[in-house]
$ cat start06.cif   # mmCIF, N, CA and C atoms
data_model
#
loop_
_atom_site.label_atom_id
_atom_site.label_comp_id
_atom_site.auth_asym_id
_atom_site.auth_seq_id
_atom_site.Cartn_x
_atom_site.Cartn_y
_atom_site.Cartn_z
N MET M 127 59.74 132.67 115.07
CA MET M 127 60.51 132.09 116.14
C MET M 127 60.04 130.67 116.38
N ALA M 128 60.98 129.71 116.42
CA ALA M 128 60.64 128.31 116.62
C ALA M 128 60.39 128.04 118.09
N THR M 129 59.46 127.17 118.36
CA THR M 129 59.19 126.77 119.74
C THR M 129 59.44 125.28 119.86
N MET M 130 59.83 124.86 121.04
CA MET M 130 60.07 123.44 121.29
C MET M 130 58.80 122.81 121.82
N ASN M 131 58.50 121.62 121.32
CA ASN M 131 57.38 120.89 121.89
C ASN M 131 57.91 119.93 122.95
N SER M 132 57.03 119.26 123.65
CA SER M 132 57.45 118.41 124.77
C SER M 132 58.32 117.25 124.29
N HIS M 133 58.09 116.76 123.07
CA HIS M 133 58.91 115.68 122.52
C HIS M 133 60.36 116.16 122.33
N ASP M 134 60.53 117.37 121.78
CA ASP M 134 61.88 117.94 121.60
C ASP M 134 62.57 118.13 122.95
N GLU M 135 61.81 118.62 123.93
CA GLU M 135 62.37 118.83 125.27
C GLU M 135 62.80 117.51 125.90
N GLN M 136 62.01 116.45 125.71
CA GLN M 136 62.37 115.13 126.25
C GLN M 136 63.64 114.62 125.58
N ASN M 137 63.76 114.78 124.26
CA ASN M 137 64.96 114.34 123.55
C ASN M 137 66.19 115.09 124.03
N ASP M 138 66.07 116.42 124.21
CA ASP M 138 67.19 117.21 124.71
C ASP M 138 67.58 116.79 126.12
N THR M 139 66.61 116.52 126.96
CA THR M 139 66.89 116.07 128.32
C THR M 139 67.58 114.72 128.31
N MET M 140 67.15 113.80 127.44
CA MET M 140 67.75 112.49 127.34
C MET M 140 69.21 112.60 126.86
N LYS M 141 69.47 113.45 125.87
CA LYS M 141 70.83 113.64 125.37
C LYS M 141 71.73 114.22 126.46
N LEU M 142 71.22 115.17 127.23
CA LEU M 142 72.00 115.78 128.31
C LEU M 142 72.31 114.74 129.38
N THR M 143 71.34 113.91 129.73
CA THR M 143 71.56 112.86 130.72
C THR M 143 72.61 111.88 130.24
N GLN M 144 72.55 111.47 128.97
CA GLN M 144 73.54 110.55 128.41
C GLN M 144 74.92 111.17 128.42
N SER M 145 75.03 112.46 128.09
CA SER M 145 76.32 113.15 128.11
C SER M 145 76.87 113.22 129.52
N CYS M 146 76.03 113.49 130.50
CA CYS M 146 76.48 113.54 131.89
C CYS M 146 76.98 112.18 132.35
N ASP M 147 76.28 111.11 131.93
CA ASP M 147 76.68 109.76 132.31
C ASP M 147 78.03 109.37 131.71
N LYS M 148 78.39 109.93 130.58
CA LYS M 148 79.64 109.58 129.89
C LYS M 148 80.81 110.48 130.29
N THR M 149 80.53 111.59 130.95
CA THR M 149 81.58 112.51 131.36
C THR M 149 82.43 111.85 132.45
N LYS M 150 83.75 112.00 132.36
CA LYS M 150 84.67 111.34 133.29
C LYS M 150 85.58 112.37 133.96
N LEU M 151 85.99 112.07 135.16
CA LEU M 151 86.97 112.87 135.89
C LEU M 151 88.12 111.95 136.26
N PHE M 152 89.33 112.34 135.91
CA PHE M 152 90.54 111.58 136.23
C PHE M 152 91.37 112.44 137.18
N ARG M 153 91.64 111.95 138.37
CA ARG M 153 92.40 112.71 139.36
C ARG M 153 93.87 112.31 139.33
N LYS M 154 94.73 113.33 139.31
CA LYS M 154 96.17 113.11 139.22
C LYS M 154 96.67 112.17 140.32
N GLU M 155 96.19 112.35 141.54
CA GLU M 155 96.69 111.54 142.65
C GLU M 155 96.34 110.06 142.52
N ASP M 156 95.40 109.72 141.64
CA ASP M 156 95.02 108.33 141.43
C ASP M 156 95.78 107.67 140.27
N LEU M 157 96.65 108.42 139.61
CA LEU M 157 97.38 107.89 138.46
C LEU M 157 98.80 107.51 138.86
N ASN M 158 99.24 106.36 138.41
CA ASN M 158 100.62 105.94 138.64
C ASN M 158 101.46 106.46 137.49
N LEU M 159 102.19 107.54 137.73
CA LEU M 159 102.99 108.17 136.68
C LEU M 159 104.48 107.87 136.82
N GLU M 160 104.82 106.77 137.46
CA GLU M 160 106.23 106.40 137.57
C GLU M 160 106.68 105.73 136.28
N PRO M 161 107.69 106.31 135.63
CA PRO M 161 108.15 105.75 134.36
C PRO M 161 108.80 104.38 134.51
N VAL M 162 108.64 103.55 133.50
CA VAL M 162 109.30 102.25 133.41
C VAL M 162 110.19 102.32 132.18
N ASN M 163 111.47 102.06 132.37
CA ASN M 163 112.44 102.18 131.26
C ASN M 163 112.39 103.56 130.62
N GLY M 164 112.23 104.59 131.44
CA GLY M 164 112.29 105.96 130.96
C GLY M 164 111.00 106.55 130.45
N MET M 165 109.90 105.78 130.47
CA MET M 165 108.65 106.34 129.95
C MET M 165 107.43 105.71 130.59
N LYS M 166 106.34 106.46 130.55
CA LYS M 166 105.03 105.97 130.99
C LYS M 166 103.98 106.83 130.31
N THR M 167 103.05 106.22 129.62
CA THR M 167 101.92 106.96 129.06
C THR M 167 100.64 106.26 129.51
N ILE M 168 99.67 107.06 129.89
CA ILE M 168 98.38 106.55 130.31
C ILE M 168 97.33 107.14 129.39
N GLY M 169 96.79 106.32 128.52
CA GLY M 169 95.76 106.75 127.57
C GLY M 169 94.41 106.82 128.26
N LEU M 170 94.18 107.90 128.97
CA LEU M 170 92.94 108.04 129.75
C LEU M 170 91.70 108.04 128.86
N VAL M 171 91.73 108.87 127.83
CA VAL M 171 90.62 108.89 126.86
C VAL M 171 91.07 107.99 125.72
N ASN M 172 90.50 106.79 125.69
CA ASN M 172 90.93 105.78 124.73
C ASN M 172 89.72 105.26 123.97
N THR M 173 89.91 104.19 123.23
CA THR M 173 88.82 103.71 122.37
C THR M 173 87.64 103.14 123.15
N SER M 174 87.75 103.03 124.47
CA SER M 174 86.56 102.65 125.23
C SER M 174 85.60 103.83 125.36
N PHE M 175 86.11 105.07 125.13
CA PHE M 175 85.27 106.26 125.17
C PHE M 175 85.01 106.83 123.79
N SER M 176 86.04 106.85 122.95
CA SER M 176 85.94 107.53 121.66
C SER M 176 86.77 106.79 120.62
N GLU M 177 86.18 106.50 119.49
CA GLU M 177 86.92 105.88 118.39
C GLU M 177 87.80 106.90 117.68
N GLU M 178 87.53 108.17 117.90
CA GLU M 178 88.24 109.20 117.17
C GLU M 178 89.34 109.87 117.98
N LEU M 179 89.01 110.48 119.10
CA LEU M 179 89.97 111.28 119.86
C LEU M 179 90.52 110.47 121.03
N GLY M 180 91.85 110.51 121.17
CA GLY M 180 92.51 109.90 122.32
C GLY M 180 93.29 110.96 123.06
N ALA M 181 93.47 110.79 124.37
CA ALA M 181 94.23 111.75 125.16
C ALA M 181 94.73 111.09 126.42
N GLY M 182 95.80 111.65 126.96
CA GLY M 182 96.33 111.08 128.19
C GLY M 182 97.43 111.93 128.79
N ILE M 183 98.05 111.35 129.80
CA ILE M 183 99.16 111.96 130.51
C ILE M 183 100.36 111.05 130.33
N GLY M 184 101.52 111.66 130.16
CA GLY M 184 102.73 110.87 130.01
C GLY M 184 103.89 111.44 130.79
N VAL M 185 104.88 110.59 131.03
CA VAL M 185 106.12 110.99 131.68
C VAL M 185 107.27 110.35 130.92
N PHE M 186 108.25 111.17 130.57
CA PHE M 186 109.52 110.69 130.03
C PHE M 186 110.60 111.11 131.01
N GLU M 187 111.61 110.25 131.18
CA GLU M 187 112.71 110.59 132.08
C GLU M 187 113.96 109.87 131.62
N ASP M 188 115.01 110.65 131.35
CA ASP M 188 116.30 110.09 130.94
C ASP M 188 116.12 109.05 129.84
N CYS M 189 115.54 109.48 128.71
CA CYS M 189 115.27 108.55 127.63
C CYS M 189 115.40 109.20 126.26
N SER M 190 115.54 108.34 125.27
CA SER M 190 115.52 108.73 123.86
C SER M 190 114.74 107.64 123.14
N ILE M 191 113.57 107.99 122.62
CA ILE M 191 112.65 106.99 122.07
C ILE M 191 112.34 107.30 120.61
N PRO M 192 112.95 106.55 119.68
CA PRO M 192 112.59 106.72 118.26
C PRO M 192 111.18 106.17 118.02
N TRP M 193 110.42 106.88 117.19
CA TRP M 193 109.03 106.49 116.99
C TRP M 193 108.57 106.96 115.61
N HIS M 194 107.70 106.21 115.00
CA HIS M 194 107.03 106.63 113.77
C HIS M 194 105.55 106.73 114.10
N ILE M 195 105.04 107.96 114.21
CA ILE M 195 103.64 108.10 114.60
C ILE M 195 102.73 107.98 113.39
N THR M 196 101.64 107.27 113.58
CA THR M 196 100.66 107.03 112.52
C THR M 196 99.34 107.73 112.86
N TYR M 197 99.45 108.82 113.61
CA TYR M 197 98.30 109.58 114.08
C TYR M 197 98.76 111.03 114.24
N ASP M 198 97.83 111.97 114.22
CA ASP M 198 98.15 113.35 114.56
C ASP M 198 98.31 113.43 116.07
N GLU M 199 99.27 114.23 116.53
CA GLU M 199 99.51 114.32 117.97
C GLU M 199 99.77 115.76 118.39
N VAL M 200 99.19 116.13 119.53
CA VAL M 200 99.46 117.40 120.18
C VAL M 200 100.02 117.07 121.56
N ILE M 201 101.14 117.71 121.92
CA ILE M 201 101.75 117.50 123.23
C ILE M 201 101.83 118.85 123.93
N TYR M 202 101.33 118.90 125.17
CA TYR M 202 101.39 120.10 126.00
C TYR M 202 102.31 119.77 127.19
N ILE M 203 103.40 120.49 127.31
CA ILE M 203 104.38 120.22 128.37
C ILE M 203 103.89 120.82 129.69
N LEU M 204 103.78 119.97 130.70
CA LEU M 204 103.35 120.39 132.04
C LEU M 204 104.53 120.72 132.94
N GLU M 205 105.57 119.87 132.89
CA GLU M 205 106.77 120.14 133.69
C GLU M 205 107.98 119.52 133.02
N GLY M 206 109.14 120.14 133.22
CA GLY M 206 110.39 119.62 132.68
C GLY M 206 110.72 120.21 131.31
N HIS M 207 111.88 119.83 130.82
CA HIS M 207 112.37 120.28 129.50
C HIS M 207 112.35 119.09 128.56
N PHE M 208 111.68 119.24 127.43
CA PHE M 208 111.44 118.15 126.48
C PHE M 208 112.06 118.48 125.13
N THR M 209 112.63 117.48 124.50
CA THR M 209 113.20 117.63 123.17
C THR M 209 112.50 116.68 122.21
N LEU M 210 112.12 117.21 121.06
CA LEU M 210 111.55 116.40 119.99
C LEU M 210 112.43 116.57 118.76
N ARG M 211 112.88 115.46 118.21
CA ARG M 211 113.69 115.49 116.99
C ARG M 211 112.84 114.98 115.83
N VAL M 212 112.83 115.77 114.77
CA VAL M 212 112.12 115.41 113.54
C VAL M 212 113.13 115.62 112.41
N GLY M 213 113.72 114.51 111.93
CA GLY M 213 114.78 114.64 110.94
C GLY M 213 115.94 115.43 111.52
N ASP M 214 116.37 116.48 110.82
CA ASP M 214 117.46 117.32 111.29
C ASP M 214 116.99 118.44 112.22
N LYS M 215 115.69 118.60 112.39
CA LYS M 215 115.17 119.68 113.23
C LYS M 215 115.03 119.22 114.67
N VAL M 216 115.35 120.15 115.57
CA VAL M 216 115.22 119.89 117.01
C VAL M 216 114.28 120.92 117.59
N PHE M 217 113.25 120.44 118.29
CA PHE M 217 112.28 121.31 118.93
C PHE M 217 112.45 121.17 120.44
N GLU M 218 112.76 122.27 121.12
CA GLU M 218 112.93 122.30 122.57
C GLU M 218 111.66 122.89 123.18
N ALA M 219 111.07 122.18 124.12
CA ALA M 219 109.81 122.62 124.72
C ALA M 219 109.89 122.61 126.24
N ASP M 220 109.30 123.62 126.83
CA ASP M 220 109.28 123.79 128.28
C ASP M 220 107.82 123.91 128.75
N PRO M 221 107.58 123.94 130.07
CA PRO M 221 106.21 124.02 130.57
C PRO M 221 105.41 125.14 129.90
N GLY M 222 104.22 124.78 129.45
CA GLY M 222 103.35 125.73 128.77
C GLY M 222 103.48 125.69 127.26
N ASP M 223 104.52 125.04 126.73
CA ASP M 223 104.70 124.94 125.29
C ASP M 223 103.87 123.80 124.71
N VAL M 224 103.46 123.96 123.46
CA VAL M 224 102.64 122.97 122.76
C VAL M 224 103.35 122.55 121.48
N LEU M 225 103.40 121.25 121.24
CA LEU M 225 103.97 120.70 120.01
C LEU M 225 102.86 120.07 119.19
N TRP M 226 102.88 120.30 117.89
CA TRP M 226 101.96 119.66 116.95
C TRP M 226 102.81 118.76 116.06
N ILE M 227 102.41 117.48 115.95
CA ILE M 227 103.14 116.52 115.12
C ILE M 227 102.13 115.85 114.18
N PRO M 228 102.29 116.05 112.88
CA PRO M 228 101.35 115.42 111.94
C PRO M 228 101.62 113.92 111.80
N ARG M 229 100.58 113.19 111.47
CA ARG M 229 100.71 111.74 111.31
C ARG M 229 101.74 111.41 110.23
N ASP M 230 102.24 110.19 110.28
CA ASP M 230 103.26 109.68 109.36
C ASP M 230 104.57 110.46 109.45
N THR M 231 104.94 110.81 110.68
CA THR M 231 106.20 111.52 110.93
C THR M 231 107.11 110.63 111.77
N LYS M 232 108.37 110.53 111.35
CA LYS M 232 109.37 109.80 112.14
C LYS M 232 110.00 110.79 113.11
N ILE M 233 109.99 110.44 114.39
CA ILE M 233 110.43 111.37 115.43
C ILE M 233 111.31 110.64 116.44
N VAL M 234 111.89 111.43 117.34
CA VAL M 234 112.57 110.90 118.53
C VAL M 234 112.13 111.77 119.70
N TYR M 235 111.49 111.14 120.69
CA TYR M 235 111.15 111.81 121.94
C TYR M 235 112.39 111.74 122.83
N GLU M 236 112.79 112.88 123.45
CA GLU M 236 113.96 112.88 124.33
C GLU M 236 113.69 113.67 125.60
N ALA M 237 114.22 113.12 126.70
CA ALA M 237 114.14 113.82 127.99
C ALA M 237 115.39 113.48 128.79
N GLN M 238 116.07 114.50 129.25
CA GLN M 238 117.24 114.32 130.12
C GLN M 238 116.83 114.36 131.59
N GLU M 239 115.64 114.88 131.85
CA GLU M 239 115.11 115.00 133.20
C GLU M 239 113.66 114.53 133.15
N ARG M 240 112.98 114.55 134.27
CA ARG M 240 111.56 114.15 134.30
C ARG M 240 110.73 115.19 133.56
N VAL M 241 109.97 114.73 132.59
CA VAL M 241 109.08 115.58 131.81
C VAL M 241 107.67 114.99 131.92
N THR M 242 106.72 115.80 132.34
CA THR M 242 105.32 115.38 132.40
C THR M 242 104.56 116.17 131.36
N PHE M 243 103.68 115.49 130.62
CA PHE M 243 102.97 116.14 129.52
C PHE M 243 101.57 115.59 129.35
N PHE M 244 100.73 116.40 128.77
CA PHE M 244 99.40 115.99 128.32
C PHE M 244 99.51 115.77 126.82
N TYR M 245 98.86 114.75 126.31
CA TYR M 245 98.87 114.53 124.86
C TYR M 245 97.48 114.18 124.35
N SER M 246 97.27 114.51 123.10
CA SER M 246 96.03 114.17 122.42
C SER M 246 96.37 113.63 121.04
N VAL M 247 95.67 112.58 120.63
CA VAL M 247 95.95 111.94 119.35
C VAL M 247 94.65 111.72 118.57
N LEU M 248 94.81 111.65 117.26
CA LEU M 248 93.68 111.39 116.36
C LEU M 248 94.20 110.62 115.16
N PRO M 249 93.68 109.47 114.84
CA PRO M 249 92.61 108.73 115.53
C PRO M 249 93.17 107.96 116.73
N ALA M 250 92.32 107.77 117.71
CA ALA M 250 92.72 107.12 118.96
C ALA M 250 93.21 105.70 118.73
N GLY M 251 92.61 105.00 117.80
CA GLY M 251 92.96 103.60 117.56
C GLY M 251 94.34 103.38 116.98
N ASN M 252 94.99 104.42 116.48
CA ASN M 252 96.32 104.26 115.90
C ASN M 252 97.45 104.40 116.92
N ALA M 253 97.19 104.96 118.07
CA ALA M 253 98.22 105.16 119.09
C ALA M 253 98.16 104.02 120.11
N PRO M 254 99.29 103.41 120.42
CA PRO M 254 99.26 102.26 121.34
C PRO M 254 98.59 102.53 122.68
N SER M 255 98.83 103.69 123.28
CA SER M 255 98.27 103.95 124.61
C SER M 255 96.77 104.21 124.58
N THR M 256 96.25 104.75 123.49
CA THR M 256 94.81 105.06 123.44
C THR M 256 94.01 104.01 122.67
N ALA M 257 94.69 103.06 122.03
CA ALA M 257 93.99 101.99 121.33
C ALA M 257 93.46 100.95 122.31
N LYS M 258 94.04 100.92 123.51
CA LYS M 258 93.59 99.98 124.55
C LYS M 258 92.23 100.41 125.07
N ARG M 259 91.37 99.45 125.32
CA ARG M 259 90.05 99.75 125.87
C ARG M 259 90.10 99.55 127.39
N ILE M 260 90.50 100.64 128.08
CA ILE M 260 90.59 100.61 129.54
C ILE M 260 89.82 101.80 130.07
N ASP M 261 88.88 101.53 130.96
CA ASP M 261 88.14 102.61 131.60
C ASP M 261 88.82 102.91 132.94
N TYR M 262 89.83 103.79 132.90
CA TYR M 262 90.58 104.13 134.10
C TYR M 262 89.68 104.71 135.18
N ALA M 263 88.68 105.47 134.77
CA ALA M 263 87.78 106.08 135.75
C ALA M 263 87.00 105.00 136.50
N ALA M 264 86.51 104.00 135.79
CA ALA M 264 85.73 102.93 136.43
C ALA M 264 86.64 102.04 137.28
N LYS M 265 87.87 101.79 136.79
CA LYS M 265 88.78 100.92 137.53
C LYS M 265 89.13 101.49 138.89
N THR M 266 89.29 102.79 138.98
CA THR M 266 89.72 103.40 140.23
C THR M 266 88.64 104.28 140.85
N GLU M 267 87.43 104.22 140.30
CA GLU M 267 86.31 105.03 140.78
C GLU M 267 86.65 106.49 140.85
N LEU M 268 87.32 106.99 139.80
CA LEU M 268 87.75 108.39 139.77
C LEU M 268 86.63 109.37 139.50
N ASN M 269 85.55 108.90 138.90
CA ASN M 269 84.53 109.86 138.50
C ASN M 269 83.53 110.17 139.61
N LYS M 270 83.83 109.79 140.84
CA LYS M 270 82.99 110.19 141.97
C LYS M 270 83.33 111.63 142.33
N VAL M 271 82.35 112.43 142.53
CA VAL M 271 82.59 113.83 142.86
C VAL M 271 82.29 114.08 144.32
#
$ encode --input "start06.cif" --output "structure tokens"
Amino acid sequence: MATMNSHDEQNDTMKLTQSCDKTKLFRKEDLNLEPVNGMKTIGLVNTSFSEELGAGIGVFEDCSIPWHITYDEVIYILEGHFTLRVGDKVFEADPGDVLWIPRDTKIVYEAQERVTFFYSVLPAGNAPSTAKRIDYAAKTELNKV
């Protein structure tokens, strides 16, 4: 059985402290989710936190947005009815549904009503909303508990 020496314990404590310092809390009430021209995406986890994983909250409303994604994307529908078009295929998603979209896919995001969603992308630097280096938590002091 391996035992930890005081040096290992200090390293583990330092790593835990660094992880705690980097952990962020984003509160919904502090986010401006009003769409502009039918859409709004806020890349909360962006390249200021991670070069690899990006994530955020978005809203689509009364829009049809053609897009060619250059990143892998997962979309989790929080509210509303969402349509994703990929070529001739149509994917209809409602609250609780999850969409997976592989990189290098030409798509059309569509919403006839207000749709709120969580999204995650990889790599973060390839998606416009998560490529921006913005610390939303620091800007609005969201990480105070």
$ atom_distance --input "start06.cif" --atom1 "atom N of M:His194" --atom2 "atom CA of M:Ala257"
15.7 Å
$ closest_residue --input "start06.cif" --among "M:Ser255, M:Thr196, M:Ser246, M:Thr231" --to "M:Val212" --atoms "only C-alpha atoms"
M:Thr231
$ resolve_selection --input "start06.cif" --expression "the PyMOL selection byres ((chain M and resi 166-168) around 6)" --output "MDAnalysis selection string"
chainID M and resid 160:162 164:165 169:170 181:186 255
$ closest_residue --input "start06.cif" --among "M:Gln238, M:Thr173, M:Asn252, M:Thr149" --to "M:Ile195" --atoms "all atoms listed in the file"
M:Asn252
$ closest_residue --input "start06.cif" --among "M:Leu248, M:Val234, M:Leu225, M:Ala219" --to "M:Asp198" --atoms "all atoms listed in the file"
M:Leu248
$ resolve_selection --input "start06.cif" --expression "the PyMOL selection byres ((chain M and resi 218) around 5)" --output "list in words"
Phe208, Thr209, Val216, Phe217, Ala219 and Asp220 of chain M
$ select_by_dssp --input "start06.cif" --residues "chain M" --states "strand (DSSP E)" --output "count of residues only"
58
$ residues_near_point --input "start06.cif" --point "(98.6, 113.3, 135.5)" --cutoff "8 Å" --atoms "only N, CA and C atoms" --output "MDAnalysis selection string"
chainID M and resid 152:159 182:184 242:244
$ write_last_selection --input "start06.cif" --atoms "N, CA and C atoms" --output "mmCIF file, keeping the file's coordinate frame"
data_model
loop_
_atom_site.group_PDB
_atom_site.id
_atom_site.type_symbol
_atom_site.label_atom_id
_atom_site.label_comp_id
_atom_site.auth_asym_id
_atom_site.auth_seq_id
_atom_site.Cartn_x
_atom_site.Cartn_y
_atom_site.Cartn_z
ATOM 1 N N PHE M 152 89.330 112.340 135.910
ATOM 2 C CA PHE M 152 90.540 111.580 136.230
ATOM 3 C C PHE M 152 91.370 112.440 137.180
ATOM 4 N N ARG M 153 91.640 111.950 138.370
ATOM 5 C CA ARG M 153 92.400 112.710 139.360
ATOM 6 C C ARG M 153 93.870 112.310 139.330
ATOM 7 N N LYS M 154 94.730 113.330 139.310
ATOM 8 C CA LYS M 154 96.170 113.110 139.220
ATOM 9 C C LYS M 154 96.670 112.170 140.320
ATOM 10 N N GLU M 155 96.190 112.350 141.540
ATOM 11 C CA GLU M 155 96.690 111.540 142.650
ATOM 12 C C GLU M 155 96.340 110.060 142.520
ATOM 13 N N ASP M 156 95.400 109.720 141.640
ATOM 14 C CA ASP M 156 95.020 108.330 141.430
ATOM 15 C C ASP M 156 95.780 107.670 140.270
ATOM 16 N N LEU M 157 96.650 108.420 139.610
ATOM 17 C CA LEU M 157 97.380 107.890 138.460
ATOM 18 C C LEU M 157 98.800 107.510 138.860
ATOM 19 N N ASN M 158 99.240 106.360 138.410
ATOM 20 C CA ASN M 158 100.620 105.940 138.640
ATOM 21 C C ASN M 158 101.460 106.460 137.490
ATOM 22 N N LEU M 159 102.190 107.540 137.730
ATOM 23 C CA LEU M 159 102.990 108.170 136.680
ATOM 24 C C LEU M 159 104.480 107.870 136.820
ATOM 25 N N GLY M 182 95.800 111.650 126.960
ATOM 26 C CA GLY M 182 96.330 111.080 128.190
ATOM 27 C C GLY M 182 97.430 111.930 128.790
ATOM 28 N N ILE M 183 98.050 111.350 129.800
ATOM 29 C CA ILE M 183 99.160 111.960 130.510
ATOM 30 C C ILE M 183 100.360 111.050 130.330
ATOM 31 N N GLY M 184 101.520 111.660 130.160
ATOM 32 C CA GLY M 184 102.730 110.870 130.010
ATOM 33 C C GLY M 184 103.890 111.440 130.790
ATOM 34 N N THR M 242 106.720 115.800 132.340
ATOM 35 C CA THR M 242 105.320 115.380 132.400
ATOM 36 C C THR M 242 104.560 116.170 131.360
ATOM 37 N N PHE M 243 103.680 115.490 130.620
ATOM 38 C CA PHE M 243 102.970 116.140 129.520
ATOM 39 C C PHE M 243 101.570 115.590 129.350
ATOM 40 N N PHE M 244 100.730 116.400 128.770
ATOM 41 C CA PHE M 244 99.400 115.990 128.320
ATOM 42 C C PHE M 244 99.510 115.770 126.820
#
$ atom_distance --input "start06.cif" --atom1 "atom C of M:Asn172" --atom2 "atom CA of M:Gly213"
29.8 Å
$ resolve_selection --input "start06.cif" --expression "the PyMOL selection byres ((chain M and resi 240) around 6)" --output "list in words"
Phe186, Glu187, Asp188, Glu205, Gly206, His207, Gln238, Glu239, Val241 and Thr242 of chain M
$ atom_distance --input "start06.cif" --atom1 "atom C of M:Pro192" --atom2 "atom CA of M:Pro249"
18.9 Å
$ closest_residue --input "start06.cif" --among "M:Tyr202, M:Lys258, M:Pro221, M:Ala237" --to "M:Phe175" --atoms "all atoms listed in the file"
M:Lys258
$ axis_aligned_box --input "start06.cif" --around "stretch 181-200 of chain M" --padding-each-side "8 Å" --output "AutoDock Vina command-line options"
--center_x 104.9 --center_y 111.8 --center_z 122.3 --size_x 38.8 --size_y 27.2 --size_z 35.6
$ decode --input "start06.cif" --residues "stretch 143-163 of chain M" --atoms "C-alpha atoms" --output "short mmCIF file (atom, residue, chain, number, x, y, z; two decimals), in the first residue's frame"
data_model
loop_
_atom_site.label_atom_id
_atom_site.label_comp_id
_atom_site.auth_asym_id
_atom_site.auth_seq_id
_atom_site.Cartn_x
_atom_site.Cartn_y
_atom_site.Cartn_z
CA THR M 143 -6.55 25.38 -4.16
CA GLN M 144 -5.78 26.27 -7.80
CA SER M 145 -8.87 24.35 -8.97
CA CYS M 146 -11.06 26.14 -6.43
CA ASP M 147 -9.68 29.52 -7.57
CA LYS M 148 -10.55 28.72 -11.20
CA THR M 149 -14.06 27.40 -10.53
CA LYS M 150 -16.76 29.84 -11.70
CA LEU M 151 -20.45 30.35 -10.98
CA PHE M 152 -22.65 32.08 -13.57
CA ARG M 153 -26.09 33.14 -12.34
CA LYS M 154 -28.97 33.25 -14.80
CA GLU M 155 -30.35 36.52 -13.41
CA ASP M 156 -27.04 38.24 -14.20
CA LEU M 157 -27.08 37.28 -17.88
CA ASN M 158 -28.65 39.43 -20.58
CA LEU M 159 -30.43 36.83 -22.70
CA GLU M 160 -32.45 39.22 -24.87
CA PRO M 161 -31.95 38.23 -28.51
CA VAL M 162 -30.71 40.74 -31.09
CA ASN M 163 -31.91 40.04 -34.63
#
